[in-house]
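Visitor: Okay, so here is my_file14.pdb, and as you'll see once you scroll down, it has PDB, C-alpha atoms.
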```
MODEL        1
ATOM      1  CA  MET B   1     -41.169   8.920 -51.687
ATOM      2  CA  ARG B   2     -37.605   9.018 -53.081
ATOM      3  CA  PRO B   3     -36.648  12.182 -54.983
ATOM      4  CA  LEU B   4     -36.481  11.691 -58.742
ATOM      5  CA  LYS B   5     -32.929  11.500 -60.091
ATOM      6  CA  HIS B   6     -31.771  11.432 -63.716
ATOM      7  CA  PHE B   7     -28.373  10.641 -65.285
ATOM      8  CA  LEU B   8     -28.138  13.008 -68.243
ATOM      9  CA  GLN B   9     -24.465  13.943 -68.053
ATOM     10  CA  PHE B  10     -21.575  12.686 -65.974
ATOM     11  CA  LYS B  11     -21.535  15.504 -63.443
ATOM     12  CA  ASP B  12     -25.154  14.750 -62.447
ATOM     13  CA  LEU B  13     -23.729  12.325 -59.877
ATOM     14  CA  SER B  14     -21.208  13.052 -57.131
ATOM     15  CA  LEU B  15     -17.942  11.277 -56.363
ATOM     16  CA  ASP B  16     -19.620   9.592 -53.388
ATOM     17  CA  GLU B  17     -22.414   8.316 -55.617
ATOM     18  CA  PHE B  18     -19.985   6.939 -58.195
ATOM     19  CA  GLU B  19     -17.955   5.205 -55.505
ATOM     20  CA  TYR B  20     -21.155   3.585 -54.257
ATOM     21  CA  LEU B  21     -22.103   2.583 -57.817
ATOM     22  CA  PHE B  22     -18.699   1.002 -58.417
ATOM     23  CA  ALA B  23     -18.971  -0.998 -55.190
ATOM     24  CA  ARG B  24     -22.383  -2.224 -56.343
ATOM     25  CA  THR B  25     -20.990  -2.947 -59.812
ATOM     26  CA  ARG B  26     -18.312  -5.218 -58.337
ATOM     27  CA  TRP B  27     -20.918  -7.049 -56.244
ATOM     28  CA  ILE B  28     -23.368  -7.434 -59.156
ATOM     29  CA  LYS B  29     -20.619  -8.514 -61.572
ATOM     30  CA  GLU B  30     -19.357 -11.177 -59.167
ATOM     31  CA  ARG B  31     -22.824 -12.684 -59.018
ATOM     32  CA  PHE B  32     -23.154 -12.611 -62.786
ATOM     33  CA  LYS B  33     -19.830 -14.425 -63.155
ATOM     34  CA  SER B  34     -20.796 -17.094 -60.613
ATOM     35  CA  TYR B  35     -24.287 -17.626 -62.088
ATOM     36  CA  GLN B  36     -26.047 -16.401 -58.951
ATOM     37  CA  GLN B  37     -29.507 -15.007 -59.613
ATOM     38  CA  TYR B  38     -30.113 -11.441 -58.448
ATOM     39  CA  TRP B  39     -33.520 -10.005 -59.286
ATOM     40  CA  PRO B  40     -34.073  -6.704 -57.430
ATOM     41  CA  LEU B  41     -36.073  -5.212 -60.312
ATOM     42  CA  VAL B  42     -38.803  -7.827 -60.708
ATOM     43  CA  ASP B  43     -41.912  -6.218 -62.282
ATOM     44  CA  ARG B  44     -39.903  -3.119 -63.241
ATOM     45  CA  THR B  45     -39.798  -1.980 -66.874
ATOM     46  CA  LEU B  46     -37.157  -0.006 -68.751
ATOM     47  CA  VAL B  47     -38.168   1.723 -71.989
ATOM     48  CA  MET B  48     -35.258   2.224 -74.396
ATOM     49  CA  ILE B  49     -35.775   4.952 -76.990
ATOM     50  CA  PHE B  50     -33.360   4.910 -79.928
ATOM     51  CA  GLU B  51     -33.033   7.733 -82.414
ATOM     52  CA  LYS B  52     -29.427   6.664 -83.056
ATOM     53  CA  ALA B  53     -28.746   2.986 -83.748
ATOM     54  CA  SER B  54     -26.507   0.964 -81.437
ATOM     55  CA  THR B  55     -25.241  -2.516 -80.663
ATOM     56  CA  ARG B  56     -23.578  -2.145 -77.257
ATOM     57  CA  THR B  57     -26.062   0.321 -75.776
ATOM     58  CA  ARG B  58     -29.102  -1.759 -76.639
ATOM     59  CA  LEU B  59     -27.588  -5.090 -75.666
ATOM     60  CA  SER B  60     -26.048  -3.868 -72.410
ATOM     61  CA  PHE B  61     -29.265  -2.221 -71.201
ATOM     62  CA  GLU B  62     -31.627  -4.921 -72.425
ATOM     63  CA  ALA B  63     -29.582  -7.855 -71.134
ATOM     64  CA  GLY B  64     -28.768  -5.991 -67.932
ATOM     65  CA  MET B  65     -32.387  -5.202 -67.155
ATOM     66  CA  GLN B  66     -33.403  -8.819 -67.734
ATOM     67  CA  GLN B  67     -30.568 -10.062 -65.521
ATOM     68  CA  LEU B  68     -31.949  -7.853 -62.740
ATOM     69  CA  GLY B  69     -35.352  -9.548 -63.128
ATOM     70  CA  GLY B  70     -37.026  -6.724 -65.023
ATOM     71  CA  ALA B  71     -38.121  -6.149 -68.601
ATOM     72  CA  ALA B  72     -36.805  -3.882 -71.338
ATOM     73  CA  ILE B  73     -38.874  -2.486 -74.227
ATOM     74  CA  TYR B  74     -37.173  -1.237 -77.386
ATOM     75  CA  LEU B  75     -38.631   1.789 -79.180
ATOM     76  CA  ASN B  76     -37.213   3.242 -82.352
ATOM     77  CA  THR B  77     -38.342   6.768 -83.150
ATOM     78  CA  ARG B  78     -39.013   5.695 -86.748
ATOM     79  CA  ASP B  79     -41.652   3.289 -85.431
ATOM     80  CA  SER B  80     -43.283   5.604 -82.895
ATOM     81  CA  GLN B  81     -45.126   8.914 -82.773
ATOM     82  CA  LEU B  82     -41.880  10.608 -81.712
ATOM     83  CA  GLY B  83     -40.727  10.104 -85.288
ATOM     84  CA  ARG B  84     -43.944  11.644 -86.597
ATOM     85  CA  GLY B  85     -43.692  14.965 -84.835
ATOM     86  CA  GLU B  86     -45.162  14.271 -81.386
ATOM     87  CA  PRO B  87     -43.732  16.829 -78.959
ATOM     88  CA  VAL B  88     -41.002  15.419 -76.743
ATOM     89  CA  GLU B  89     -42.814  16.792 -73.705
ATOM     90  CA  ASP B  90     -46.014  14.886 -74.564
ATOM     91  CA  ALA B  91     -44.112  11.673 -75.218
ATOM     92  CA  ALA B  92     -42.365  11.985 -71.851
ATOM     93  CA  GLN B  93     -45.679  12.413 -70.031
ATOM     94  CA  VAL B  94     -47.151   9.287 -71.636
ATOM     95  CA  ILE B  95     -44.133   6.970 -71.681
ATOM     96  CA  SER B  96     -43.132   7.713 -68.097
ATOM     97  CA  ARG B  97     -46.612   6.708 -66.861
ATOM     98  CA  MET B  98     -46.147   3.223 -68.331
ATOM     99  CA  CYS B  99     -42.665   2.261 -67.129
ATOM    100  CA  ASP B 100     -40.163   2.665 -64.311
ATOM    101  CA  ALA B 101     -37.176   4.123 -66.165
ATOM    102  CA  VAL B 102     -36.316   5.477 -69.603
ATOM    103  CA  MET B 103     -33.035   5.302 -71.501
ATOM    104  CA  ILE B 104     -32.687   7.590 -74.536
ATOM    105  CA  ARG B 105     -30.053   7.536 -77.276
ATOM    106  CA  THR B 106     -30.567  10.590 -79.438
ATOM    107  CA  PHE B 107     -28.952  13.607 -81.108
ATOM    108  CA  GLU B 108     -29.093  16.964 -79.277
ATOM    109  CA  GLN B 109     -28.722  17.010 -75.496
ATOM    110  CA  GLU B 110     -31.653  19.431 -75.437
ATOM    111  CA  ILE B 111     -33.992  16.583 -76.457
ATOM    112  CA  ILE B 112     -33.148  14.441 -73.462
ATOM    113  CA  GLU B 113     -33.221  17.444 -71.123
ATOM    114  CA  ARG B 114     -36.743  18.312 -72.304
ATOM    115  CA  PHE B 115     -37.861  14.706 -71.942
ATOM    116  CA  ALA B 116     -36.464  14.443 -68.402
ATOM    117  CA  ALA B 117     -38.150  17.713 -67.377
ATOM    118  CA  HIS B 118     -41.551  16.118 -68.096
ATOM    119  CA  SER B 119     -40.819  12.557 -66.974
ATOM    120  CA  ARG B 120     -42.194  10.947 -63.824
ATOM    121  CA  VAL B 121     -39.395   8.327 -63.805
ATOM    122  CA  PRO B 122     -35.577   8.386 -64.007
ATOM    123  CA  VAL B 123     -34.130   9.170 -67.434
ATOM    124  CA  ILE B 124     -30.697   7.884 -68.503
ATOM    125  CA  ASN B 125     -28.573   9.319 -71.292
ATOM    126  CA  GLY B 126     -27.600   6.423 -73.579
ATOM    127  CA  LEU B 127     -25.722   8.897 -75.812
ATOM    128  CA  THR B 128     -26.244  12.371 -77.224
ATOM    129  CA  ASN B 129     -24.146  14.516 -79.538
ATOM    130  CA  GLU B 130     -22.700  16.215 -76.462
ATOM    131  CA  TYR B 131     -22.229  13.442 -73.855
ATOM    132  CA  HIS B 132     -21.886   9.691 -73.326
ATOM    133  CA  PRO B 133     -21.935   9.307 -69.521
ATOM    134  CA  CYS B 134     -22.661   5.557 -69.327
ATOM    135  CA  GLN B 135     -19.600   4.846 -71.457
ATOM    136  CA  ILE B 136     -17.219   6.799 -69.259
ATOM    137  CA  MET B 137     -18.705   5.298 -66.107
ATOM    138  CA  ALA B 138     -17.795   1.878 -67.532
ATOM    139  CA  ASP B 139     -14.362   3.091 -68.647
ATOM    140  CA  ILE B 140     -13.438   4.427 -65.210
ATOM    141  CA  PHE B 141     -14.679   1.257 -63.530
ATOM    142  CA  THR B 142     -12.529  -0.756 -65.957
ATOM    143  CA  PHE B 143      -9.469   1.340 -65.143
ATOM    144  CA  ILE B 144     -10.052   0.845 -61.417
ATOM    145  CA  GLU B 145     -10.426  -2.917 -61.932
ATOM    146  CA  HIS B 146      -7.040  -3.096 -63.658
ATOM    147  CA  ARG B 147      -5.001  -0.345 -62.003
ATOM    148  CA  GLY B 148      -6.756   0.899 -58.864
ATOM    149  CA  SER B 149      -7.721   4.494 -58.151
ATOM    150  CA  ILE B 150      -7.776   6.888 -61.100
ATOM    151  CA  LYS B 151      -7.246   9.930 -58.875
ATOM    152  CA  GLY B 152      -4.199  11.907 -59.990
ATOM    153  CA  LYS B 153      -3.676   9.744 -63.080
ATOM    154  CA  THR B 154      -3.339  11.015 -66.660
ATOM    155  CA  VAL B 155      -5.738  10.053 -69.450
ATOM    156  CA  ALA B 156      -4.653  10.878 -73.006
ATOM    157  CA  TRP B 157      -7.495  11.508 -75.452
ATOM    158  CA  ILE B 158      -6.368  11.355 -79.085
ATOM    159  CA  GLY B 159      -8.661  12.386 -81.945
ATOM    160  CA  ASP B 160     -11.962  14.225 -82.163
ATOM    161  CA  SER B 161     -13.244  16.266 -79.211
ATOM    162  CA  ASN B 162     -16.599  14.515 -79.415
ATOM    163  CA  ASN B 163     -19.210  13.443 -76.863
ATOM    164  CA  VAL B 164     -16.923  10.803 -75.343
ATOM    165  CA  CYS B 165     -14.095  13.306 -74.964
ATOM    166  CA  ASN B 166     -16.468  15.840 -73.382
ATOM    167  CA  THR B 167     -17.547  13.257 -70.836
ATOM    168  CA  TRP B 168     -13.964  12.325 -69.955
ATOM    169  CA  LEU B 169     -13.399  16.019 -69.215
ATOM    170  CA  GLN B 170     -16.394  16.122 -66.867
ATOM    171  CA  ALA B 171     -15.269  12.899 -65.195
ATOM    172  CA  ALA B 172     -11.817  14.363 -64.551
ATOM    173  CA  GLU B 173     -13.395  17.101 -62.466
ATOM    174  CA  VAL B 174     -15.414  14.579 -60.434
ATOM    175  CA  PHE B 175     -12.601  12.039 -59.885
ATOM    176  CA  ASP B 176      -9.666  14.496 -59.775
ATOM    177  CA  PHE B 177      -7.522  13.155 -62.606
ATOM    178  CA  ASN B 178      -5.990  14.843 -65.654
ATOM    179  CA  VAL B 179      -6.924  14.631 -69.327
ATOM    180  CA  HIS B 180      -4.441  15.416 -72.087
ATOM    181  CA  VAL B 181      -6.323  16.154 -75.302
ATOM    182  CA  SER B 182      -4.789  16.240 -78.762
ATOM    183  CA  THR B 183      -6.983  16.982 -81.764
ATOM    184  CA  PRO B 184      -6.260  18.207 -85.288
ATOM    185  CA  PRO B 185      -6.616  21.968 -85.784
ATOM    186  CA  GLY B 186     -10.260  22.934 -85.947
ATOM    187  CA  TYR B 187     -11.444  20.042 -83.765
ATOM    188  CA  GLU B 188     -10.390  21.389 -80.366
ATOM    189  CA  VAL B 189     -12.390  21.116 -77.139
ATOM    190  CA  GLU B 190     -15.237  23.594 -76.786
ATOM    191  CA  SER B 191     -15.487  24.204 -73.048
ATOM    192  CA  GLU B 192     -19.113  25.346 -73.080
ATOM    193  CA  ARG B 193     -20.204  22.367 -75.179
ATOM    194  CA  ALA B 194     -18.276  20.056 -72.848
ATOM    195  CA  GLY B 195     -20.041  21.550 -69.825
ATOM    196  CA  LEU B 196     -16.811  22.699 -68.206
ATOM    197  CA  TYR B 197     -16.362  25.709 -65.960
ATOM    198  CA  GLY B 198     -12.577  25.605 -65.757
ATOM    199  CA  ALA B 199      -9.494  23.969 -67.223
ATOM    200  CA  ASP B 200      -7.825  22.685 -64.046
ATOM    201  CA  HIS B 201      -8.034  19.043 -65.102
ATOM    202  CA  TYR B 202      -7.210  19.105 -68.780
ATOM    203  CA  GLU B 203      -4.575  20.387 -71.183
ATOM    204  CA  GLN B 204      -4.614  20.567 -74.976
ATOM    205  CA  PHE B 205      -1.627  19.475 -77.070
ATOM    206  CA  ARG B 206      -0.882  20.117 -80.735
ATOM    207  CA  ASP B 207       1.303  17.001 -80.994
ATOM    208  CA  PRO B 208      -0.446  13.744 -79.997
ATOM    209  CA  MET B 209       2.895  12.246 -78.940
ATOM    210  CA  ASP B 210       3.225  14.982 -76.325
ATOM    211  CA  ALA B 211      -0.301  14.287 -75.063
ATOM    212  CA  VAL B 212       0.418  10.570 -74.639
ATOM    213  CA  ARG B 213       3.850  10.911 -73.053
ATOM    214  CA  GLY B 214       3.675   9.450 -69.515
ATOM    215  CA  ALA B 215      -0.068   8.726 -69.698
ATOM    216  CA  ASP B 216      -1.677   6.005 -67.586
ATOM    217  CA  LEU B 217      -4.496   5.489 -70.087
ATOM    218  CA  VAL B 218      -4.679   6.190 -73.801
ATOM    219  CA  THR B 219      -8.099   6.321 -75.416
ATOM    220  CA  THR B 220      -9.684   7.365 -78.683
ATOM    221  CA  ASP B 221     -12.819   7.029 -80.800
ATOM    222  CA  VAL B 222     -13.766   6.883 -84.472
ATOM    223  CA  TRP B 223     -12.813   9.889 -86.543
ATOM    224  CA  THR B 224     -16.349  10.317 -87.855
ATOM    225  CA  SER B 225     -19.116  10.049 -85.264
ATOM    226  CA  MET B 226     -22.763   9.326 -86.109
ATOM    227  CA  GLY B 227     -24.369  12.347 -87.712
ATOM    228  CA  PHE B 228     -21.113  13.563 -89.300
ATOM    229  CA  GLU B 229     -20.875  11.023 -92.129
ATOM    230  CA  ALA B 230     -20.872  13.752 -94.798
ATOM    231  CA  GLN B 231     -17.536  14.955 -93.395
ATOM    232  CA  ASN B 232     -15.877  11.519 -93.510
ATOM    233  CA  GLU B 233     -13.448  12.116 -96.381
ATOM    234  CA  GLN B 234     -12.271  15.435 -94.974
ATOM    235  CA  ARG B 235     -11.947  13.991 -91.476
ATOM    236  CA  CYS B 236      -9.846  11.069 -92.712
ATOM    237  CA  ARG B 237      -7.420  13.571 -94.223
ATOM    238  CA  ASP B 238      -7.395  15.812 -91.141
ATOM    239  CA  PHE B 239      -6.921  12.978 -88.619
ATOM    240  CA  GLN B 240      -4.299  10.858 -90.400
ATOM    241  CA  ASP B 241      -1.559  11.846 -87.922
ATOM    242  CA  TRP B 242      -3.793  11.086 -84.920
ATOM    243  CA  GLN B 243      -3.811   7.303 -85.113
ATOM    244  CA  VAL B 244      -2.975   5.563 -81.829
ATOM    245  CA  ASP B 245      -0.166   3.240 -82.890
ATOM    246  CA  ALA B 246       2.647   1.279 -81.270
ATOM    247  CA  ASP B 247       5.017   4.257 -81.350
ATOM    248  CA  MET B 248       2.477   6.318 -79.453
ATOM    249  CA  MET B 249       1.916   3.628 -76.820
ATOM    250  CA  ARG B 250       5.677   3.339 -76.299
ATOM    251  CA  VAL B 251       5.882   6.901 -74.940
ATOM    252  CA  ALA B 252       3.001   6.302 -72.520
ATOM    253  CA  LYS B 253       3.735   4.567 -69.229
ATOM    254  CA  SER B 254       4.922   0.999 -69.627
ATOM    255  CA  ASP B 255       1.749  -0.323 -67.989
ATOM    256  CA  ALA B 256      -0.607   2.125 -69.723
ATOM    257  CA  LEU B 257      -4.012   0.820 -70.742
ATOM    258  CA  PHE B 258      -5.694   1.378 -74.091
ATOM    259  CA  MET B 259      -9.457   1.896 -74.363
ATOM    260  CA  HIS B 260     -11.917   2.450 -77.192
ATOM    261  CA  CYS B 261     -15.697   2.657 -76.826
ATOM    262  CA  LEU B 262     -16.174   0.637 -80.064
ATOM    263  CA  PRO B 263     -16.901   0.017 -82.849
ATOM    264  CA  ALA B 264     -13.293   0.532 -83.939
ATOM    265  CA  HIS B 265     -11.767   1.002 -87.371
ATOM    266  CA  ARG B 266      -8.390  -0.737 -87.313
ATOM    267  CA  GLY B 267      -5.950   1.192 -89.463
ATOM    268  CA  GLU B 268      -7.735   4.496 -88.915
ATOM    269  CA  GLU B 269      -8.005   5.855 -85.365
ATOM    270  CA  VAL B 270      -6.138   2.862 -83.899
ATOM    271  CA  ALA B 271      -3.561   0.428 -85.214
ATOM    272  CA  LYS B 272      -4.367  -3.275 -85.099
ATOM    273  CA  GLU B 273      -1.326  -4.050 -82.924
ATOM    274  CA  VAL B 274      -2.644  -1.633 -80.268
ATOM    275  CA  ILE B 275      -6.313  -2.610 -80.024
ATOM    276  CA  ASP B 276      -5.417  -6.311 -80.218
ATOM    277  CA  GLY B 277      -2.260  -5.934 -78.162
ATOM    278  CA  PRO B 278      -1.326  -6.333 -74.477
ATOM    279  CA  HIS B 279      -2.245  -2.767 -73.466
ATOM    280  CA  SER B 280      -5.842  -3.107 -74.696
ATOM    281  CA  VAL B 281      -8.738  -3.710 -72.308
ATOM    282  CA  VAL B 282     -11.501  -2.944 -74.806
ATOM    283  CA  TRP B 283     -13.376  -6.227 -74.253
ATOM    284  CA  ASP B 284     -13.499  -5.772 -70.476
ATOM    285  CA  GLU B 285     -14.530  -2.181 -71.120
ATOM    286  CA  ALA B 286     -17.391  -3.288 -73.388
ATOM    287  CA  GLU B 287     -18.658  -5.897 -70.905
ATOM    288  CA  ASN B 288     -18.515  -3.412 -68.049
ATOM    289  CA  ARG B 289     -21.070  -1.216 -69.805
ATOM    290  CA  MET B 290     -23.641  -3.818 -68.765
ATOM    291  CA  HIS B 291     -22.471  -4.203 -65.175
ATOM    292  CA  THR B 292     -22.133  -0.488 -64.393
ATOM    293  CA  GLN B 293     -25.530   0.211 -65.985
ATOM    294  CA  LYS B 294     -27.108  -2.520 -63.855
ATOM    295  CA  ALA B 295     -25.774  -0.781 -60.755
ATOM    296  CA  LEU B 296     -27.063   2.550 -62.108
ATOM    297  CA  LEU B 297     -30.558   1.161 -62.766
ATOM    298  CA  GLU B 298     -30.670  -0.372 -59.301
ATOM    299  CA  TYR B 299     -29.623   2.937 -57.732
ATOM    300  CA  LEU B 300     -32.008   5.145 -59.695
ATOM    301  CA  LEU B 301     -34.965   2.856 -58.980
ATOM    302  CA  LEU B 302     -34.245   1.581 -55.468
ATOM    303  CA  GLY B 303     -31.753   3.998 -53.946
ATOM    304  CA  ARG B 304     -28.861   2.659 -51.917
ATOM    305  CA  VAL B 305     -29.153  -0.992 -51.033
ATOM    306  CA  SER B 306     -26.995  -3.218 -48.840
ATOM    307  CA  GLU B 307     -26.353  -6.910 -49.326
TER     308      GLU B 307
ENDMDL
END
```
Would you mind writing the structure in this file as structure tokens?
Guide:
Amino acid sequence: MRPLKHFLQFKDLSLDEFEYLFARTRWIKERFKSYQQYWPLVDRTLVMIFEKASTRTRLSFEAGMQQLGGAAIYLNTRDSQLGRGEPVEDAAQVISRMCDAVMIRTFEQEIIERFAAHSRVPVINGLTNEYHPCQIMADIFTFIEHRGSIKGKTVAWIGDSNNVCNTWLQAAEVFDFNVHVSTPPGYEVESERAGLYGADHYEQFRDPMDAVRGADLVTTDVWTSMGFEAQNEQRCRDFQDWQVDADMMRVAKSDALFMHCLPAHRGEEVAKEVIDGPHSVVWDEAENRMHTQKALLEYLLLGRVSE
């Protein structure tokens, strides 16, 4: 029997495992693009538990699971006993006896850790307040598709040091690249919250222009993440100098890419001419969520396969 493996934060997998997953992603994506059926997960079921709403996470997992021949079941905590006070541990025991994998999109990382500790099947982090590992897996695959190896490259993160930023910092340690982070005062990286044990792969900058200078990839996210809506007015004031605009992209490398996990607010965290401009790969990035997650589901359920 294969040992149970979860994907709760980026550093749960090794560089070797990610390289395998990216090779599988390329293979699976090629078949999707050429309309070749590939159903390795026939009779397998993914349960998707949403405490936080989503478009891309639900669609990418649900469509991806169906494209692999399996089924996906959507559960919203408002419509289940989880939303009525059932202990997470009890829900994990029951749900994991009725499916083959669970994806959870929730608030505190502690919730998903508790669920995974009592689950009989692989658990995947679809997003928590602390981490967004599936997003960064897709982002790195997208960079590799367009520019080759990310090792030794520089990623500039502009804006809030949120769950996406934290996951970029973990990924830098796995893939050996550098992250330049620029946030407004009071929004700096918290190393413990990011799950970091050193600062060898990232540097913080007061001036976002300095963070972007010479970068291979520039990326950002909304100024107000889900759960922080009450702070929106204050955040808009604090972040007004942290918009990724054309001037900022001009000091990055001439072939620098721009990424955003979406949804984006043009005119706030990113200027329209950037997200809709020649540096932007946000649509490839969004599509690759589905392909990388298909490779992840295949790996967690079947182990390494060869075709």
Visitor: Any idea what the distance is between CA of His6 (chain B) and CA of Ile136 (chain B)?
Guide: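 Here the two named atoms are 16.2 Å from each other.
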Visitor: Counting only C-alpha atoms, figure out which residue out of B:Arg206, B:Arg193, B:Arg147, B:Lys294 gets nearest to Asp255 (chain B).
Guide: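 Smallest distance to Asp255 (chain B) is found for B:Arg147.
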Visitor: If the PyMOL selection byres ((chain B and resi 222-237) around 9) were run on this exact file, what residues would it hold? Put them as a ChimeraX atom specification.
Guide: /B:52,107,129,159-160,162,220-221,238-241,260-265,268-270
Visitor: Please identify all polymer residues within 12 Å of Gln293 (chain B), counting all atoms listed in the file, omitting same-chain residues fewer than 2 positions from it, and present them as number ranges by chain.
Guide: B: 7, 18, 21-22, 24-26, 28-29, 46, 56-65, 67-68, 103, 124-126, 133-139, 141, 286-291, 295-300
Visitor: Suppose a student applies the PyMOL selection byres ((chain B and resi 92) around 12) to this structure; what residues should they get, written as a PyMOL selection string?
Guide: chain B and resi 47+49+81-82+86-91+93-99+101-104+111-123
Visitor: What is the CA of Ala215 (chain B)-CA of Ala252 (chain B) distance in Å, reported with one decimal?
Guide: 4.8 Å
Visitor: Mind running region 34-77 of chain B against region 302-307 of chain B at 12 Å and telling me each contacting residue's nearest atom pair with the distance in Å (one decimal), counting all atoms listed in the file, chain and number ascending, as JSON lines?
Guide:
```
{"residue": "B:Tyr38", "atom": "CA", "partner": "B:Glu307", "partner_atom": "CA", "distance": 10.9}
{"residue": "B:Pro40", "atom": "CA", "partner": "B:Leu302", "partner_atom": "CA", "distance": 8.5}
{"residue": "B:Leu41", "atom": "CA", "partner": "B:Leu302", "partner_atom": "CA", "distance": 8.5}
{"residue": "B:Val42", "atom": "CA", "partner": "B:Leu302", "partner_atom": "CA", "distance": 11.7}
{"residue": "B:Arg44", "atom": "CA", "partner": "B:Leu302", "partner_atom": "CA", "distance": 10.7}
```
Visitor: Can those selected residues be exported to a file as a tab-separated table (two decimals), in the coordinates of the input so that it contains C-alpha atoms?
Guide:
```tsv
chain	number	residue	atom	x	y	z
B	38	TYR	CA	-30.11	-11.44	-58.45
B	40	PRO	CA	-34.07	-6.70	-57.43
B	41	LEU	CA	-36.07	-5.21	-60.31
B	42	VAL	CA	-38.80	-7.83	-60.71
B	44	ARG	CA	-39.90	-3.12	-63.24
```
Visitor: Select, from B:Asn166, B:Asp245, B:Ala72, B:Phe258, the residue with the minimum atom-to-atom distance to Glu273 (chain B), counting all atoms listed in the file.
Guide: B:Asp245
Visitor: Quick one, how far is CA of Thr292 (chain B) from CA of Gln9 (chain B)?
Guide: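 Between CA of Thr292 (chain B) and CA of Gln9 (chain B) the gap is 15.1 Å.
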